[in-house]
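**Student:** Supplied structure: target_34.txt, compact mmCIF, C-alpha atoms.
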# COMPACT_ATOMS: atom_id res chain seq x y z
CA MET A 30 1.80 -27.14 -35.84
CA SER A 31 1.89 -27.61 -32.07
CA ASP A 32 -1.21 -28.14 -29.95
CA ARG A 33 -0.62 -24.75 -28.36
CA ASP A 34 -0.56 -23.02 -31.74
CA LEU A 35 -3.75 -24.78 -32.74
CA ASP A 36 -5.43 -23.85 -29.47
CA GLN A 37 -4.35 -20.25 -29.99
CA ILE A 38 -6.01 -20.19 -33.42
CA ILE A 39 -9.17 -21.79 -32.01
CA ASP A 40 -9.19 -19.16 -29.26
CA ASP A 41 -8.78 -16.37 -31.78
CA VAL A 42 -11.62 -17.68 -33.92
CA LEU A 43 -13.96 -18.07 -30.95
CA ASP A 44 -12.86 -14.70 -29.63
CA GLY A 45 -13.65 -13.06 -32.97
CA VAL A 46 -10.13 -11.72 -33.48
CA ALA A 47 -8.79 -14.24 -36.02
CA PRO A 48 -8.04 -12.95 -39.53
CA PRO A 49 -10.51 -14.35 -42.13
CA ALA A 50 -7.83 -16.57 -43.65
CA GLU A 51 -7.20 -18.23 -40.28
CA SER A 52 -10.92 -18.86 -39.78
CA VAL A 53 -11.18 -20.49 -43.20
CA TRP A 54 -8.08 -22.56 -42.53
CA LEU A 55 -9.50 -23.79 -39.21
CA LYS A 56 -12.86 -24.65 -40.78
CA GLU A 57 -11.15 -26.72 -43.45
CA ARG A 58 -9.03 -28.51 -40.85
CA MET A 59 -12.12 -29.26 -38.74
CA ASP A 60 -13.93 -30.67 -41.79
CA ARG A 61 -11.04 -33.05 -42.38
CA ASP A 62 -10.10 -33.89 -38.81
CA PRO A 63 -12.82 -34.81 -36.24
CA ALA A 64 -10.26 -34.54 -33.42
CA ILE A 65 -9.79 -30.87 -34.20
CA ARG A 66 -13.54 -30.37 -34.39
CA THR A 67 -13.88 -31.97 -30.94
CA ARG A 68 -11.11 -29.74 -29.64
CA TYR A 69 -12.94 -26.71 -31.03
CA GLY A 70 -16.21 -27.86 -29.45
CA GLU A 71 -14.62 -28.23 -26.04
CA ARG A 72 -13.12 -24.80 -26.22
CA ALA A 73 -16.47 -23.37 -27.34
CA VAL A 74 -18.04 -24.74 -24.15
CA LEU A 75 -15.55 -22.73 -22.13
CA PHE A 76 -16.32 -19.57 -24.10
CA LYS A 77 -20.03 -20.13 -23.63
CA ALA A 78 -19.60 -20.65 -19.90
CA LEU A 79 -17.75 -17.35 -19.74
CA THR A 80 -20.44 -15.39 -21.51
CA PRO A 81 -22.74 -13.94 -18.90
CA GLY A 82 -25.08 -12.12 -21.27
CA GLU A 83 -25.77 -8.53 -22.16
CA MET A 84 -24.80 -5.65 -19.95
CA VAL A 85 -27.67 -4.29 -17.93
CA ALA A 86 -28.50 -0.69 -17.12
CA PRO A 87 -27.19 0.53 -13.77
CA PRO A 88 -29.75 1.46 -11.10
CA PRO A 89 -31.30 4.82 -12.03
CA ASP A 90 -30.51 6.33 -8.63
CA LEU A 91 -26.85 5.30 -8.50
CA VAL A 92 -25.47 8.71 -9.45
CA SER A 93 -27.72 10.55 -7.00
CA SER A 94 -26.87 8.08 -4.21
CA VAL A 95 -23.15 8.57 -4.77
CA MET A 96 -23.49 12.33 -4.91
CA SER A 97 -25.61 12.53 -1.78
CA GLU A 98 -22.95 10.58 0.09
CA ILE A 99 -20.10 12.84 -0.96
CA ARG A 100 -22.03 16.12 -0.97
CA GLY A 101 -20.31 18.92 0.85
CA SER A 102 -16.93 17.25 1.10
CA SER A 103 -13.92 17.94 -1.06
CA PRO A 104 -11.69 15.07 -2.19
CA ALA A 105 -8.67 17.11 -1.09
CA GLN A 106 -9.99 16.91 2.47
CA HIS A 107 -9.73 13.16 2.26
CA SER A 108 -6.22 12.97 0.89
CA ALA A 109 -5.10 12.22 4.40
CA SER A 110 -7.02 11.26 7.48
CA PRO A 111 -7.43 14.20 9.84
CA THR A 112 -4.90 14.47 12.58
CA TRP A 113 -6.07 14.64 16.16
CA TRP A 114 -5.15 18.32 16.17
CA SER A 115 -7.07 19.23 13.00
CA SER A 116 -10.06 17.19 14.20
CA LEU A 117 -10.10 19.08 17.42
CA LEU A 118 -9.71 22.44 15.72
CA GLY A 119 -12.40 21.48 13.23
CA SER A 120 -14.87 20.53 15.91
CA LEU A 121 -14.28 23.79 17.74
CA THR A 122 -14.50 25.99 14.68
CA ARG A 123 -17.71 24.28 13.58
CA ARG A 124 -19.21 25.26 16.92
CA PRO A 125 -17.78 28.71 17.66
CA ALA A 126 -20.53 29.64 20.10
CA LEU A 127 -19.59 26.68 22.22
CA GLY A 128 -15.89 27.39 22.00
CA LEU A 129 -15.49 28.71 25.54
CA GLY A 130 -17.80 26.15 26.96
CA TYR A 131 -15.70 23.49 25.34
CA ALA A 132 -12.43 24.99 26.54
CA PHE A 133 -12.13 22.80 29.58
CA GLY A 134 -13.25 19.72 27.71
CA ALA A 135 -10.86 20.58 24.91
CA GLY A 136 -7.97 20.78 27.34
CA ALA A 137 -8.82 17.34 28.64
CA ALA A 138 -9.35 16.09 25.10
CA ILE A 139 -5.93 17.39 24.05
CA GLY A 140 -4.39 15.42 26.86
CA VAL A 141 -6.20 12.25 25.88
CA LEU A 142 -5.65 12.72 22.16
CA ALA A 143 -1.98 13.46 22.66
CA MET A 144 -1.67 10.15 24.46
CA VAL A 145 -3.50 8.44 21.61
CA ALA A 146 -1.26 10.13 19.06
CA LEU A 147 1.84 8.96 20.87
CA THR A 148 0.59 5.42 21.23
CA PRO A 149 1.18 2.86 18.48
CA ARG A 150 -1.90 2.40 16.31
CA SER A 151 -3.77 -0.76 15.73
CA GLY A 152 -7.09 -1.85 14.33
CA SER A 153 -8.67 -3.15 11.22
CA ALA A 154 -9.20 -0.82 8.31
CA PRO A 155 -11.07 1.35 7.77
CA SER A 156 -12.15 2.10 11.36
CA THR A 157 -8.70 3.27 12.48
CA PRO A 158 -6.96 4.27 9.26
CA LEU A 159 -3.34 5.02 8.72
CA PRO A 160 -2.54 8.50 7.35
CA VAL A 161 -3.75 7.50 3.89
CA ASN A 162 -5.87 4.43 3.53
CA GLY A 163 -7.69 2.58 0.77
CA THR A 164 -6.05 4.27 -2.20
CA MET A 165 -5.83 0.91 -3.95
CA VAL A 166 -3.52 2.29 -6.59
CA PRO A 167 -2.18 -0.82 -8.31
CA PRO A 168 1.56 -0.83 -8.92
CA THR A 169 1.19 -1.32 -12.66
CA GLY A 170 2.24 0.83 -15.57
CA PRO A 171 5.54 1.99 -16.96
CA ASN A 172 6.43 4.11 -13.92
CA TRP A 173 6.47 1.20 -11.52
CA ILE A 174 9.64 -0.82 -11.11
CA LEU A 175 9.87 -4.13 -9.32
CA GLU A 176 12.80 -3.50 -7.02
CA ASP A 177 13.00 -6.66 -5.00
CA HIS A 178 11.01 -9.68 -3.99
CA ALA A 179 11.26 -12.47 -1.47
CA ARG A 180 9.56 -15.75 -0.72
CA LEU A 181 9.01 -16.60 2.91
CA ALA A 182 7.96 -19.87 4.47
CA ALA A 183 7.04 -20.63 8.06
CA GLY A 184 5.76 -24.11 8.89
CA PRO A 185 2.59 -24.65 6.86
CA GLY A 186 2.52 -21.01 5.81
CA GLN A 187 4.21 -19.36 2.88
CA GLY A 188 3.94 -16.30 0.74
CA GLU A 189 5.63 -13.88 -1.58
CA VAL A 190 6.46 -10.25 -0.98
CA ARG A 191 7.16 -7.81 -3.81
CA LEU A 192 8.58 -4.34 -3.43
CA GLN A 193 7.73 -1.90 -6.20
CA ARG A 194 8.76 1.69 -6.59
CA ASN A 195 7.46 4.73 -8.42
CA GLY A 196 9.71 7.65 -7.43
CA ALA A 197 9.41 8.09 -3.69
CA MET A 198 6.28 5.92 -3.58
CA LEU A 199 6.76 2.31 -2.58
CA ILE A 200 4.25 -0.50 -2.53
CA VAL A 201 4.90 -3.74 -0.74
CA GLU A 202 2.59 -6.48 -2.00
CA ILE A 203 2.20 -9.37 0.40
CA GLU A 204 0.64 -12.39 -1.22
CA SER A 205 -0.08 -15.00 1.38
CA ALA A 206 -0.43 -18.55 0.13
CA SER A 207 -1.17 -19.87 3.61
CA ARG A 208 -4.34 -21.81 4.26
CA THR A 209 -4.79 -20.07 7.57
CA SER A 210 -4.29 -16.50 8.70
CA SER A 211 -0.71 -15.43 9.19
CA ARG A 212 1.18 -12.59 10.80
CA TRP A 213 3.50 -10.52 8.65
CA THR A 214 5.90 -8.02 10.17
CA LEU A 215 7.74 -5.26 8.33
CA GLU A 216 10.58 -3.44 10.06
CA PHE A 217 12.44 -0.47 8.66
CA ASP A 218 14.30 2.67 9.58
CA PRO A 219 11.58 5.27 10.28
CA ALA A 220 14.00 8.00 9.22
CA SER A 221 14.06 6.48 5.71
CA ILE A 222 10.57 5.12 5.22
CA ARG A 223 7.14 5.96 6.50
CA ILE A 224 3.86 4.09 6.23
CA MET A 225 1.17 5.74 4.11
CA GLY A 226 -1.59 3.18 4.04
CA ILE A 227 -2.84 -0.37 3.89
CA ASP A 228 -5.11 -1.90 1.30
CA TRP A 229 -6.67 -5.28 1.99
CA THR A 230 -6.73 -6.00 -1.73
CA ARG A 231 -7.90 -9.60 -1.67
CA GLY A 232 -9.46 -11.50 1.17
CA PRO A 233 -11.17 -10.13 4.26
CA ASP A 234 -9.88 -7.02 5.98
CA GLY A 235 -7.16 -8.04 8.40
CA ALA A 236 -5.86 -6.31 11.49
CA PHE A 237 -2.74 -4.22 11.83
CA HIS A 238 -0.56 -2.72 14.50
CA SER A 239 1.90 0.01 13.62
CA GLY A 240 4.65 1.57 15.64
CA SER A 241 7.79 3.49 14.81
CA GLY A 242 9.60 1.59 12.05
CA ARG A 243 7.38 -1.43 12.45
CA LEU A 244 4.13 -2.73 10.99
CA GLU A 245 2.42 -5.96 11.94
CA LEU A 246 -0.34 -7.33 9.76
CA ASP A 247 -2.67 -10.21 10.48
CA ALA A 248 -3.62 -11.28 6.97
CA GLY A 249 -6.25 -13.82 6.02
CA ALA A 250 -5.67 -17.08 4.18
CA ALA A 251 -4.75 -16.73 0.49
CA SER A 252 -4.90 -12.96 0.77
CA LEU A 253 -3.22 -10.10 -1.01
CA THR A 254 -2.36 -7.03 1.02
CA ARG A 255 -0.75 -3.87 -0.27
CA VAL A 256 1.19 -1.60 2.04
CA ARG A 257 1.93 1.82 0.72
CA LEU A 258 5.15 3.41 1.95
CA GLU A 259 7.08 6.51 1.13
CA SER A 260 10.82 7.06 1.00
CA VAL A 261 11.41 10.14 3.07
CA ARG A 262 15.06 10.53 2.18
CA GLU A 263 17.35 9.56 -0.63
CA GLY A 264 19.54 6.50 -0.43
CA ASP A 265 19.14 2.76 -0.08
CA ALA A 266 16.81 1.39 2.52
CA GLU A 267 16.08 -2.03 3.89
CA LEU A 268 12.84 -3.70 4.86
CA ARG A 269 13.13 -6.66 7.18
CA LEU A 270 10.28 -9.14 6.85
CA SER A 271 9.00 -11.94 8.94
CA LEU A 272 6.15 -14.38 8.51
CA GLN A 273 4.73 -16.14 11.52
CA VAL A 274 2.27 -19.03 11.41
CA GLY A 275 1.75 -20.62 14.80
CA ASP A 276 5.18 -21.03 16.34
CA ALA A 277 6.98 -21.17 12.99
CA VAL A 278 8.76 -18.05 11.76
CA GLY A 279 10.35 -17.25 8.40
CA VAL A 280 12.39 -14.14 7.70
CA GLY A 281 13.56 -12.21 4.67
CA THR A 282 14.84 -8.83 3.53
CA LEU A 283 13.87 -6.43 0.77
CA ARG A 284 16.10 -3.62 -0.39
CA THR A 285 15.09 -0.41 -2.08
CA SER A 286 17.50 1.33 -4.40
CA SER A 287 18.59 4.92 -4.20
CA HIS A 288 16.30 7.43 -5.85
CA THR A 289 15.96 11.15 -6.34
CA ARG A 290 12.95 12.77 -4.80
CA ALA A 291 11.03 14.98 -7.16
CA SER A 292 10.09 17.36 -4.41
CA PRO A 293 11.10 17.84 -0.81
CA MET B 24 -14.79 11.42 -23.93
CA THR B 25 -11.02 11.54 -24.27
CA ASP B 26 -8.45 10.93 -21.55
CA SER B 27 -7.75 14.67 -21.44
CA ASP B 28 -11.47 15.41 -20.94
CA GLU B 29 -11.43 12.98 -18.05
CA SER B 30 -8.34 14.60 -16.68
CA VAL B 31 -10.17 17.95 -16.69
CA LEU B 32 -13.08 16.37 -14.82
CA VAL B 33 -10.67 14.94 -12.24
CA THR B 34 -9.01 18.34 -11.81
CA ARG B 35 -12.38 20.05 -11.38
CA SER B 36 -13.47 17.37 -8.91
CA LEU B 37 -10.32 17.90 -6.90
CA ALA B 38 -11.14 21.58 -6.78
CA GLY B 39 -14.47 20.69 -5.19
CA ASP B 40 -16.69 20.78 -8.29
CA GLU B 41 -19.18 18.03 -7.47
CA ARG B 42 -20.88 18.27 -10.87
CA ALA B 43 -17.60 17.24 -12.47
CA PHE B 44 -17.42 14.13 -10.32
CA ALA B 45 -21.09 13.39 -11.08
CA GLU B 46 -20.10 13.40 -14.76
CA LEU B 47 -17.35 10.87 -14.07
CA VAL B 48 -19.88 8.68 -12.26
CA GLU B 49 -22.32 9.03 -15.20
CA ILE B 50 -19.63 7.99 -17.66
CA HIS B 51 -18.40 4.92 -15.81
CA GLN B 52 -21.41 3.69 -13.84
CA ARG B 53 -22.66 1.26 -16.48
CA VAL B 54 -19.38 -0.60 -16.96
CA LEU B 55 -18.45 -0.62 -13.29
CA PHE B 56 -21.90 -1.69 -12.12
CA ASN B 57 -21.82 -4.55 -14.64
CA LEU B 58 -18.30 -5.47 -13.60
CA ALA B 59 -19.38 -5.73 -9.96
CA LEU B 60 -22.52 -7.62 -11.02
CA ARG B 61 -20.51 -10.16 -13.03
CA ILE B 62 -18.30 -10.82 -10.04
CA VAL B 63 -20.80 -10.84 -7.17
CA GLY B 64 -23.86 -12.03 -9.09
CA ASP B 65 -26.48 -9.94 -7.31
CA HIS B 66 -27.98 -6.61 -8.37
CA GLU B 67 -28.36 -5.14 -4.89
CA ASP B 68 -24.83 -6.09 -3.86
CA ALA B 69 -23.47 -4.78 -7.16
CA ARG B 70 -25.32 -1.52 -6.61
CA ASP B 71 -23.88 -1.14 -3.10
CA LEU B 72 -20.41 -2.02 -4.37
CA ALA B 73 -20.57 0.46 -7.25
CA GLN B 74 -21.63 3.17 -4.82
CA THR B 75 -18.83 2.29 -2.40
CA VAL B 76 -16.31 2.32 -5.25
CA PHE B 77 -17.30 5.79 -6.45
CA VAL B 78 -17.31 7.21 -2.92
CA LYS B 79 -13.89 5.67 -2.20
CA ALA B 80 -12.55 6.99 -5.47
CA TYR B 81 -13.80 10.48 -4.64
CA ARG B 82 -12.31 10.42 -1.17
CA ASN B 83 -8.97 9.20 -2.49
CA LEU B 84 -8.93 11.26 -5.64
CA ALA B 85 -6.01 13.29 -4.37
CA SER B 86 -3.88 10.16 -4.40
CA PHE B 87 -4.85 9.20 -7.96
CA ASP B 88 -1.77 9.05 -10.19
CA ARG B 89 -2.64 11.60 -12.88
CA GLY B 90 -0.28 9.87 -15.29
CA ARG B 91 -2.73 6.99 -15.53
CA ARG B 92 -6.22 6.69 -16.93
CA PHE B 93 -9.00 7.33 -14.44
CA PHE B 94 -10.89 4.31 -15.73
CA SER B 95 -7.91 2.01 -15.09
CA TRP B 96 -7.78 3.22 -11.51
CA ILE B 97 -11.48 2.94 -10.74
CA TYR B 98 -11.71 -0.38 -12.60
CA ARG B 99 -9.05 -1.76 -10.26
CA ILE B 100 -10.87 -0.44 -7.22
CA THR B 101 -14.07 -2.15 -8.44
CA ILE B 102 -12.30 -5.47 -8.96
CA ASN B 103 -10.69 -5.28 -5.53
CA GLU B 104 -13.90 -4.33 -3.76
CA SER B 105 -15.91 -7.00 -5.56
CA LEU B 106 -13.39 -9.76 -4.91
CA SER B 107 -13.09 -8.72 -1.31
CA PHE B 108 -16.88 -8.84 -1.04
CA VAL B 109 -17.04 -12.30 -2.59
CA SER B 110 -14.37 -13.63 -0.25
CA ARG B 111 -16.28 -12.25 2.77
CA ARG B 112 -19.64 -13.58 1.67
CA ARG B 113 -20.83 -16.78 3.20
CA PRO B 114 -20.24 -19.62 0.73
CA GLN B 115 -23.80 -20.95 1.01
CA GLU B 116 -25.34 -17.76 -0.29
CA PRO B 117 -26.51 -18.53 -3.82
CA LEU B 118 -26.63 -15.21 -5.63
CA ASN B 119 -26.77 -15.46 -9.35
CA GLU B 120 -29.22 -12.90 -10.61
CA VAL B 121 -26.81 -12.05 -13.37
CA MET B 122 -27.65 -15.34 -15.05
CA ARG B 123 -31.40 -14.98 -14.73
CA ALA B 124 -33.32 -14.45 -17.90
CA PRO B 125 -37.03 -14.48 -18.59
CA GLY B 126 -38.47 -17.44 -20.44
CA ARG B 127 -36.24 -20.09 -18.88
CA SER B 128 -37.66 -23.06 -17.05
CA PRO B 129 -36.78 -23.37 -13.34
CA GLU B 130 -34.41 -26.24 -14.21
CA GLU B 131 -32.64 -24.22 -16.89
CA GLN B 132 -32.53 -21.28 -14.53
CA TRP B 133 -30.97 -23.38 -11.81
CA GLU B 134 -28.41 -24.87 -14.20
CA GLN B 135 -27.44 -21.44 -15.43
CA GLU B 136 -27.10 -20.16 -11.88
CA GLU B 137 -24.95 -23.12 -10.91
CA LEU B 138 -22.79 -22.63 -13.97
CA GLY B 139 -22.43 -18.93 -13.19
CA THR B 140 -21.30 -19.68 -9.65
CA MET B 141 -18.79 -22.30 -10.78
CA VAL B 142 -17.35 -20.09 -13.50
CA ARG B 143 -16.97 -17.17 -11.10
CA HIS B 144 -15.30 -19.36 -8.51
CA ALA B 145 -12.95 -20.73 -11.17
CA VAL B 146 -12.08 -17.20 -12.32
CA MET B 147 -11.32 -16.22 -8.71
CA GLN B 148 -8.76 -19.03 -8.53
CA LEU B 149 -6.67 -17.48 -11.29
CA THR B 150 -3.80 -15.21 -10.37
CA THR B 151 -4.38 -11.48 -10.73
CA GLU B 152 -2.78 -11.04 -14.15
CA TYR B 153 -4.88 -13.80 -15.70
CA ARG B 154 -8.07 -12.94 -13.84
CA ASP B 155 -7.84 -9.35 -15.02
CA VAL B 156 -7.82 -10.25 -18.69
CA ILE B 157 -10.63 -12.80 -18.39
CA VAL B 158 -12.84 -10.37 -16.49
CA ALA B 159 -12.12 -7.55 -18.92
CA ARG B 160 -12.60 -9.66 -22.06
CA HIS B 161 -15.46 -11.95 -21.13
CA PHE B 162 -17.33 -10.11 -18.39
CA LEU B 163 -16.99 -6.61 -19.83
CA ASN B 164 -16.51 -7.45 -23.48
CA LEU B 165 -13.56 -5.08 -23.83
CA SER B 166 -11.42 -5.44 -26.96
CA HIS B 167 -7.82 -6.59 -26.76
CA ARG B 168 -6.69 -3.02 -27.39
CA GLU B 169 -8.93 -1.66 -24.63
CA ILE B 170 -7.61 -4.27 -22.22
CA GLY B 171 -4.06 -3.32 -23.20
CA ASP B 172 -4.83 0.32 -22.44
CA LEU B 173 -6.50 -0.61 -19.21
CA LEU B 174 -3.64 -2.74 -17.92
CA SER B 175 -0.83 -0.77 -19.59
CA VAL B 176 0.44 -3.78 -21.50
CA PRO B 177 0.83 -4.41 -25.26
CA GLU B 178 -2.02 -6.09 -27.15
CA LYS B 179 0.26 -9.03 -27.83
CA THR B 180 0.64 -9.57 -24.09
CA VAL B 181 -3.14 -9.39 -23.66
CA LYS B 182 -3.59 -12.08 -26.28
CA SER B 183 -0.97 -14.31 -24.74
CA ARG B 184 -2.35 -13.84 -21.22
CA LEU B 185 -5.88 -14.54 -22.40
CA HIS B 186 -4.77 -17.77 -23.98
CA THR B 187 -2.93 -18.95 -20.88
CA ALA B 188 -5.78 -17.79 -18.66
CA ARG B 189 -8.29 -19.79 -20.70
CA GLN B 190 -6.07 -22.86 -20.58
CA ARG B 191 -5.90 -22.62 -16.81
CA LEU B 192 -9.58 -21.85 -16.49
CA GLY B 193 -10.39 -24.84 -18.68
CA GLY B 194 -8.28 -26.98 -16.36
CA ILE B 195 -10.08 -25.73 -13.26
CA LEU B 196 -13.53 -26.17 -14.80
CA CYS B 197 -12.57 -29.61 -16.07
CA ARG B 198 -11.48 -30.67 -12.59
CA ASN B 199 -14.84 -29.44 -11.32
CA GLY B 200 -16.64 -31.43 -14.00
CA ILE B 201 -17.93 -28.41 -15.93
CA THR B 202 -16.05 -28.95 -19.17
CA SER B 203 -14.26 -31.90 -20.65
CA ALA B 204 -10.47 -31.97 -20.90
Spell out the structure here as C-alpha cells.
**Tutor:**
Amino acid sequence: MSDRDLDQIIDDVLDGVAPPAESVWLKERMDRDPAIRTRYGERAVLFKALTPGEMVAPPPDLVSSVMSEIRGSSPAQHSASPTWWSSLLGSLTRRPALGLGYAFGAGAAIGVLAMVALTPRSGSAPSTPLPVNGTMVPPTGPNWILEDHARLAAGPGQGEVRLQRNGAMLIVEIESASRTSSRWTLEFDPASIRIMGIDWTRGPDGAFHSGSGRLELDAGAASLTRVRLESVREGDAELRLSLQVGDAVGVGTLRTSSHTRASP
Amino acid sequence: MTDSDESVLVTRSLAGDERAFAELVEIHQRVLFNLALRIVGDHEDARDLAQTVFVKAYRNLASFDRGRRFFSWIYRITINESLSFVSRRRPQEPLNEVMRAPGRSPEEQWEQEELGTMVRHAVMQLTTEYRDVIVARHFLNLSHREIGDLLSVPEKTVKSRLHTARQRLGGILCRNGITSA
C-alpha cells in the first residue's frame, strides 16, 4: 500500500466516512506499527485545527435588516443598472408636480448625461457599474465549457486567463499571480461581444476603464477577477489580451467558438 | 425544502413578492452567517457580510441561472464577499470571536484565536477548488454528497479534492509551525 493510499484511509476514518472494515483495519495496523499511529496522530491535529466548533445562531434581526434594505424594490429592476435616460424619466415621473419646473434643468441634464453616456466609463465597482455588475455567477456546472485559456507574463508579473462559455454568456477569469497590482487589457470586436459586468472575486476591488471593444482593469496582487461578456452574434470571436506590469508587457489571445443563440 | 420549492420562491421573489425572498433568507441565513463567520472570524463583520450577500443576491436575482441551485449561487457569493473582506482587512486586526468559548483561560483563549487565524490564512492560500471543499466540509460540516451537489461535481471528486486539499493545507501549516510534517 502506498503512503497516499494510507493517508486516504486515515483521512476517511478521521472524516467519519470510512467503512467499518477500513476503520478496524487501520486500528489493527496502528496497534502493530507505531509509525502509522504517529501518522494518524499528525493528521488528527490537522482535523482538530480545522474544526471551529458548533454553528451559532444568526443574529435575530438579520432577516428584518435584509428586508428593510430591499423593501419596495423589485429584483427585476436591478437586473441592469438604469440607463441615463430611464434615470431621468424616473426622476421626473416620481415628481410629476415639478415636471415643468424641471423642464429646463432636464434639458441641460440631457445634454450632460448624453455626453457622459458617450464617454468611455471608468471607476471602481460598484460606484460606477457596468450594465450588469456583481452577479458573481461562478462558471461551474455542466453547462459551462472551458473554451480557451492563456498564460501571460510581463516582467515580474504573471497570470492565467480562462474563457468559459454557457450559450451566449461568456466569463473571462483573470487570475493574477503578480505580487503587485497589474493592468490587464481585453480587446475585442464590439459587434461580436459586449461587456456585461465585472466581479472583483478575490482581492480588493480594482479600477476599470471601458470603451468600445476595450476593457482595462487594474487588478490587485494575487487577485481573481471575473469579466462577464455576451456574444451578440453567432460565429467565432477573438479576445486579445495584454498584461502590463511596470514597463513590461505580455500579450495573448483567446478564441471563442461558434455557438447558436437561444434567443435573439 | 426541495429545489423546486426554492425555485418557486425565486420566481415569486422575481415577481416582487418580498415575503418569498424573506423565506429564502430565513432558510439560508444560519449556514451563510456561519460560513462568513468561519472565514472572517468576527460576529459583527459576519452579520454585515451576510446582509450584504442577501441584498446583492436579491438585486441580481434576475441574473441567477435557474438551472442551478439557489444555495450554490448564494454560497458562492458569500465565499467571494468574505474572502474579499478578509483581503481588504488590515492584517493586524485580530478578530477571532469564532474561536471564543466560555470557560477557557485567557492563555487557552489566545492560543485558540491564534490557531484560528493561522488556519484561516492557510485555507486562503489554497486554490479555489481546494478551498471550496475544505470550507464546505470543515467549516460548514456538509457531507461529501452535499458538497458534490453544491459544486456540481461527483462525490468521488469531492473525496479526492478533500484529500489533496488536506495534504496541501498540512504542508502550509507545517511550514508555519502549526503541525508536524
**Student:** Quick one: residues within 7 Å of range 161-176 of chain B, only C-alpha atoms counted, chain neighbours fewer than 4 positions away excluded, as a PyMOL selection string?
**Tutor:** (chain A and resi 79-81+170) or (chain B and resi 58+61+95+156-157+180-182)
**Student:** For the point (-31.0, -1.0, -16.1) in the file's frame, write as a PDB file with C-alpha atoms, in the coordinates of the input all residues with an atom no more than 12 Å away, counting only C-alpha atoms.
**Tutor:**
ATOM      1  CA  GLU A  83     -25.770  -8.530 -22.160  1.00  0.00           C
ATOM      2  CA  MET A  84     -24.800  -5.650 -19.950  1.00  0.00           C
ATOM      3  CA  VAL A  85     -27.670  -4.290 -17.930  1.00  0.00           C
ATOM      4  CA  ALA A  86     -28.500  -0.690 -17.120  1.00  0.00           C
ATOM      5  CA  PRO A  87     -27.190   0.530 -13.770  1.00  0.00           C
ATOM      6  CA  PRO A  88     -29.750   1.460 -11.100  1.00  0.00           C
ATOM      7  CA  PRO A  89     -31.300   4.820 -12.030  1.00  0.00           C
ATOM      8  CA  ASP A  90     -30.510   6.330  -8.630  1.00  0.00           C
ATOM      9  CA  LEU A  91     -26.850   5.300  -8.500  1.00  0.00           C
TER      10      LEU A  91
ATOM     11  CA  GLN B  52     -21.410   3.690 -13.840  1.00  0.00           C
ATOM     12  CA  ARG B  53     -22.660   1.260 -16.480  1.00  0.00           C
ATOM     13  CA  VAL B  54     -19.380  -0.600 -16.960  1.00  0.00           C
ATOM     14  CA  PHE B  56     -21.900  -1.690 -12.120  1.00  0.00           C
ATOM     15  CA  ASN B  57     -21.820  -4.550 -14.640  1.00  0.00           C
ATOM     16  CA  LEU B  60     -22.520  -7.620 -11.020  1.00  0.00           C
ATOM     17  CA  HIS B  66     -27.980  -6.610  -8.370  1.00  0.00           C
ATOM     18  CA  ARG B  70     -25.320  -1.520  -6.610  1.00  0.00           C
TER      19      ARG B  70
END
**Student:** So, counting only C-alpha atoms, which residue among A:Ser260, A:Arg255, A:Pro219, A:Ile203 is closest to Gly240 in chain A?
**Tutor:**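 Ranked by minimum distance to Gly240 in chain A, first place goes to A:Pro219.
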**Student:** For CA of Val201 in chain A and CA of Trp96 in chain B, quote the distance in Å rounded to one decimal.
**Tutor:** 18.0 Å
**Student:** So what do you get for CA of Ser36 in chain B versus CA of Asp155 in chain B, distance-wise?
**Tutor:**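 Taking CA of Ser36 in chain B and CA of Asp155 in chain B, their separation equals 28.0 Å.
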**Student:** Residues near Asp265 in chain A, anyone? I mean within 12 Å using all atoms listed in the file, not counting same-chain ones fewer than 5 positions away, as a PyMOL selection string.
**Tutor:** chain A and resi 176+197+217-218+220-222+260+283-289
**Student:** Within 8 Å of Thr101 in chain B, counting all atoms listed in the file, which residues qualify if same-chain residues fewer than 6 places away don't, as a list in words?
**Tutor:**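 In the requested form, the answer reads Leu55, Leu58, Ala59, Leu72, Ala73 and Val76 of chain B.
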**Student:** Please identify all residues of chain B having at least one atom at most 6 Å from any atom of chain A, considering all atoms listed in the file, and return them as a ChimeraX atom specification.
**Tutor:** /B:37,39,53,56,74,81-85,103,107,110-111,175
**Student:** Can you measure CA of Ala64 in chain A to CA of Ser31 in chain A for me? One decimal in Å is fine.
**Tutor:**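 Calculated distance between CA of Ala64 in chain A and CA of Ser31 in chain A is 14.1 Å.
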